[in-house]
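Visitor: Got a structure for you, questions after.
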Amino acid sequence: AAEVTAAGGEGARTLADLSVGFTGTQDDTLSLTELGFDDLVPVTGAAITADPSILDDLDVLWVGAALGLTAGSAGDEAVQAWVDEGHSIVGRGTAGLAAAEDYGLLSADAVTGISAGNGIVALDTPEGSPLAPYAQDSSFIYPAVTFTDLGEGTEVAQGYAADTFLAGHWAGSTGTNGPDFAAGKAAVISSEVASGARALVFGTSIFFRSHPKGGLGQGGRALFWAASTAPTPLPVPRPTTVSLSQVGTTTYPEAATVRVEVVPDEGAGLPAGD
């Protein structure tokens with residue numbers, strides 16, 4: 001009861017059990033499973049083209065690897081129609097960006113760090129970002145993806161800090177694949193379009209081998225944000241008095257009939273009921 005009361009404050013809401021369509025590697029499968037998503041639907045471009053109805057029951061799409069859809073194919077048109085209905089795409093890296101761009105949700109350029117670069121980076125999370133409620137101040141990269149030239153409506157959901165590289169092995173070999181280039185630029189981008197569809201793409205490696213536990217939480221937060229509708233407030237417990245009384249007499253082995261009455265305490269503001 002105490003936990004429900006604590007969760008019932010301003011802005012709290014219930015969470016639905018999401019059906020998540022996904023592409024990716026074992027990193028995506030294991031991480032999504034560890035987060036507790038128990039209705040995971042692996043999708044491919046070929047599968048969607050063969051049977052577009054597999055999108056019907058999905059709440060959100062996670063893109064960890066290229067969808068592999070041919071422009072103008074039945075599958076491509078089905079995904080566009082699904083997005084136009086208000087469904088959202090969340091993903092990681094260049095594959096996530098490509099999917100979100102292809103279906104008109106956001107726009108940016110992706111610059112991938114040197115392939116061997118890995119380590120811990122410091123992050124800044126803007127106020128109002130989808131990730132702000134549970135913001136992490138650092139993340140893992142292997143490699144880092146930096147987003148530049150953000151299009152209209154595309155926002156920085158998380159940025160590489162000015163002094164971003166904290167630990168690891170990341171020395172750039174060009175002017176654009178090292179930590180100095182990434183510093184101060186977008187690490188995560190997000191958007192919301194008129195239909196209500198949303199997109200969020202990570203440039204950090206939040207699901208790497210399912211090791212970065214804080215990163216996993218950011219992925220879960222992004223999926224619930226992307227799939228969310230208008231908040232449904234949690235019920236807040238109110239003080240009541242419950243009374244139990246027997247109706248008539250009963251002789252064993254007959255079943256007894258009882259009356260349960262719930263009466264709100266004074267000032268509780270609830271209707272009485274039986």
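In the structure tokens, chains take letters A, B, ... by order of appearance, with residues numbered from 1 within each chain and ligands from 1 in the order shown.
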Can you pull out every residue from segment 6-86 of chain A that DSSP, working from the backbone, puts in alpha helix (DSSP H), and format the result as a PyMOL selection string?
Guide: chain A and resi 6-7+26-34+45-50+74-84
Visitor: Dump C-alpha atoms for the selected residues as a tab-separated table (two decimals), in the first residue's frame?
Guide:
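So the final result, stored in out_1.tsv, reads:
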```tsv
chain	number	residue	atom	x	y	z
A	6	ALA	CA	4.21	6.79	-3.19
A	7	ALA	CA	3.57	6.13	-6.87
A	26	GLN	CA	21.48	-10.99	-29.35
A	27	ASP	CA	22.25	-7.73	-27.50
A	28	ASP	CA	18.78	-6.43	-28.31
A	29	THR	CA	17.02	-9.72	-27.58
A	30	LEU	CA	18.73	-10.25	-24.22
A	31	SER	CA	18.42	-6.62	-23.11
A	32	LEU	CA	14.74	-6.31	-23.98
A	33	THR	CA	14.06	-9.61	-22.22
A	34	GLU	CA	16.01	-8.53	-19.14
A	45	GLY	CA	11.59	-6.71	-43.83
A	46	ALA	CA	10.79	-9.99	-45.57
A	47	ALA	CA	8.32	-11.01	-42.86
A	48	ILE	CA	6.52	-7.66	-42.92
A	49	THR	CA	6.31	-7.72	-46.71
A	50	ALA	CA	4.92	-11.25	-46.69
A	74	ALA	CA	4.18	-3.81	-49.54
A	75	GLY	CA	6.14	-4.03	-46.30
A	76	ASP	CA	7.49	-0.52	-46.64
A	77	GLU	CA	4.02	0.89	-47.26
A	78	ALA	CA	2.64	-1.10	-44.32
A	79	VAL	CA	5.20	0.36	-41.93
A	80	GLN	CA	4.50	3.87	-43.21
A	81	ALA	CA	0.76	3.36	-42.68
A	82	TRP	CA	1.42	1.99	-39.18
A	83	VAL	CA	3.53	5.06	-38.31
A	84	ASP	CA	0.95	7.40	-39.84
```
Visitor: I want to know what sits within 10 Å of segment 61-73 of chain A, based on only C-alpha atoms, with residues of the same chain fewer than 4 positions away left out; could you give that as a ChimeraX atom specification?
Guide: /A:19-29,32,40-49,55,77-80,83,87-100,102,199-202,207,219,222-223,226-227
Visitor: Pick out each residue of segment 7-178 of chain A that DSSP on the backbone tags as strand (DSSP E or B); I need them as an MDAnalysis selection string.
Guide: chainID A and resid 20:23 40:42 60:63 88:92 109:112 118:124 138:141 145:148 155:169
Visitor: With C-alpha atoms kept, could you save the residues just selected as a PDB file, in the first residue's frame?
Guide:
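File produced: part.pdb:
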```pdb
ATOM      1  CA  VAL A  20       7.453  -4.694 -28.925  1.00  0.00           C
ATOM      2  CA  GLY A  21       8.440  -5.543 -32.470  1.00  0.00           C
ATOM      3  CA  PHE A  22      12.203  -5.573 -32.828  1.00  0.00           C
ATOM      4  CA  THR A  23      15.177  -6.078 -35.082  1.00  0.00           C
ATOM      5  CA  LEU A  40       8.645  -9.475 -28.023  1.00  0.00           C
ATOM      6  CA  VAL A  41       8.005  -9.994 -31.739  1.00  0.00           C
ATOM      7  CA  PRO A  42      11.069 -10.422 -33.982  1.00  0.00           C
ATOM      8  CA  VAL A  60       6.128   0.165 -30.691  1.00  0.00           C
ATOM      9  CA  LEU A  61       9.065  -0.854 -32.888  1.00  0.00           C
ATOM     10  CA  TRP A  62      12.645  -1.174 -31.642  1.00  0.00           C
ATOM     11  CA  VAL A  63      15.232  -1.021 -34.443  1.00  0.00           C
ATOM     12  CA  SER A  88       6.453   5.021 -32.861  1.00  0.00           C
ATOM     13  CA  ILE A  89       9.989   3.881 -33.578  1.00  0.00           C
ATOM     14  CA  VAL A  90      12.837   3.654 -31.064  1.00  0.00           C
ATOM     15  CA  GLY A  91      16.274   2.382 -31.966  1.00  0.00           C
ATOM     16  CA  ARG A  92      20.002   2.657 -31.805  1.00  0.00           C
ATOM     17  CA  ASP A 109      23.225  13.059 -39.884  1.00  0.00           C
ATOM     18  CA  ALA A 110      25.066  10.295 -38.021  1.00  0.00           C
ATOM     19  CA  VAL A 111      28.831  10.334 -37.539  1.00  0.00           C
ATOM     20  CA  THR A 112      30.233   7.041 -36.237  1.00  0.00           C
ATOM     21  CA  ASN A 118      34.922   2.085 -26.531  1.00  0.00           C
ATOM     22  CA  GLY A 119      34.543   3.359 -23.008  1.00  0.00           C
ATOM     23  CA  ILE A 120      32.517   5.534 -20.649  1.00  0.00           C
ATOM     24  CA  VAL A 121      31.296   8.960 -21.705  1.00  0.00           C
ATOM     25  CA  ALA A 122      29.768  11.807 -19.697  1.00  0.00           C
ATOM     26  CA  LEU A 123      26.338  13.007 -20.784  1.00  0.00           C
ATOM     27  CA  ASP A 124      24.130  16.061 -20.387  1.00  0.00           C
ATOM     28  CA  SER A 138      27.188   8.657 -18.173  1.00  0.00           C
ATOM     29  CA  SER A 139      26.922   5.856 -20.703  1.00  0.00           C
ATOM     30  CA  PHE A 140      28.914   3.227 -22.558  1.00  0.00           C
ATOM     31  CA  ILE A 141      29.910   3.523 -26.218  1.00  0.00           C
ATOM     32  CA  VAL A 145      27.484   7.652 -32.802  1.00  0.00           C
ATOM     33  CA  THR A 146      27.163  11.432 -32.876  1.00  0.00           C
ATOM     34  CA  PHE A 147      24.170  13.177 -34.434  1.00  0.00           C
ATOM     35  CA  THR A 148      24.656  16.444 -36.296  1.00  0.00           C
ATOM     36  CA  GLU A 155      15.606  17.546 -30.606  1.00  0.00           C
ATOM     37  CA  VAL A 156      18.605  16.611 -28.495  1.00  0.00           C
ATOM     38  CA  ALA A 157      17.365  14.141 -25.888  1.00  0.00           C
ATOM     39  CA  GLN A 158      20.864  13.646 -24.493  1.00  0.00           C
ATOM     40  CA  GLY A 159      24.209  15.167 -25.420  1.00  0.00           C
ATOM     41  CA  TYR A 160      27.856  14.272 -25.039  1.00  0.00           C
ATOM     42  CA  ALA A 161      29.265  16.535 -22.319  1.00  0.00           C
ATOM     43  CA  ALA A 162      31.889  19.153 -23.129  1.00  0.00           C
ATOM     44  CA  ASP A 163      34.519  16.955 -21.467  1.00  0.00           C
ATOM     45  CA  THR A 164      32.828  13.748 -22.505  1.00  0.00           C
ATOM     46  CA  PHE A 165      35.412  10.947 -22.494  1.00  0.00           C
ATOM     47  CA  LEU A 166      35.797   9.566 -18.962  1.00  0.00           C
ATOM     48  CA  ALA A 167      37.528   6.203 -19.378  1.00  0.00           C
ATOM     49  CA  GLY A 168      38.310   3.513 -21.925  1.00  0.00           C
ATOM     50  CA  HIS A 169      39.941   3.305 -25.322  1.00  0.00           C
TER      51      HIS A 169
END
```
Visitor: Would you mind telling me which residue in A:Leu244, A:Ala255, A:Ile114, A:Ala132 lies nearest to Pro179 of chain A when using only C-alpha atoms?
Guide: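 Among the listed residues, A:Ile114 lies closest to Pro179 of chain A.
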Visitor: Could you work out how far atom CA of Asp57 of chain A lies from atom CA of Glu85 of chain A, giving the answer in Å with one decimal?
Guide: 12.7 Å
Visitor: Grab the atom CA of Ser243 of chain A to atom CA of Glu261 of chain A distance for me, in Å with one decimal place.
Guide: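 Straight-line distance from atom CA of Ser243 of chain A to atom CA of Glu261 of chain A works out to 5.2 Å.
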Visitor: Could you check the closest approach to Ala16 of chain A for each of A:Val188, A:Asp137, A:Trp225, A:Gln246 and tell me which residue wins, using only C-alpha atoms?
Guide: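 Nearest to Ala16 of chain A: A:Trp225.
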Visitor: Fewer than 2 positions away in the same chain doesn't count, so skip those; otherwise give me all residues within 7 Å of Gly113 of chain A, counting only C-alpha atoms, as a ChimeraX atom specification.
Guide: /A:111,115,117,143-145,177-178
Visitor: Which one of A:Ile189, A:Ala256, A:Ala183, A:Leu18 sits closest to Pro130 of chain A if you count only C-alpha atoms?
Guide: A:Ile189
Visitor: Work out how far atom CA of Phe208 of chain A is from atom CA of Asp38 of chain A, in Å to one decimal.
Guide: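 Distance between the two atoms: 20.0 Å.
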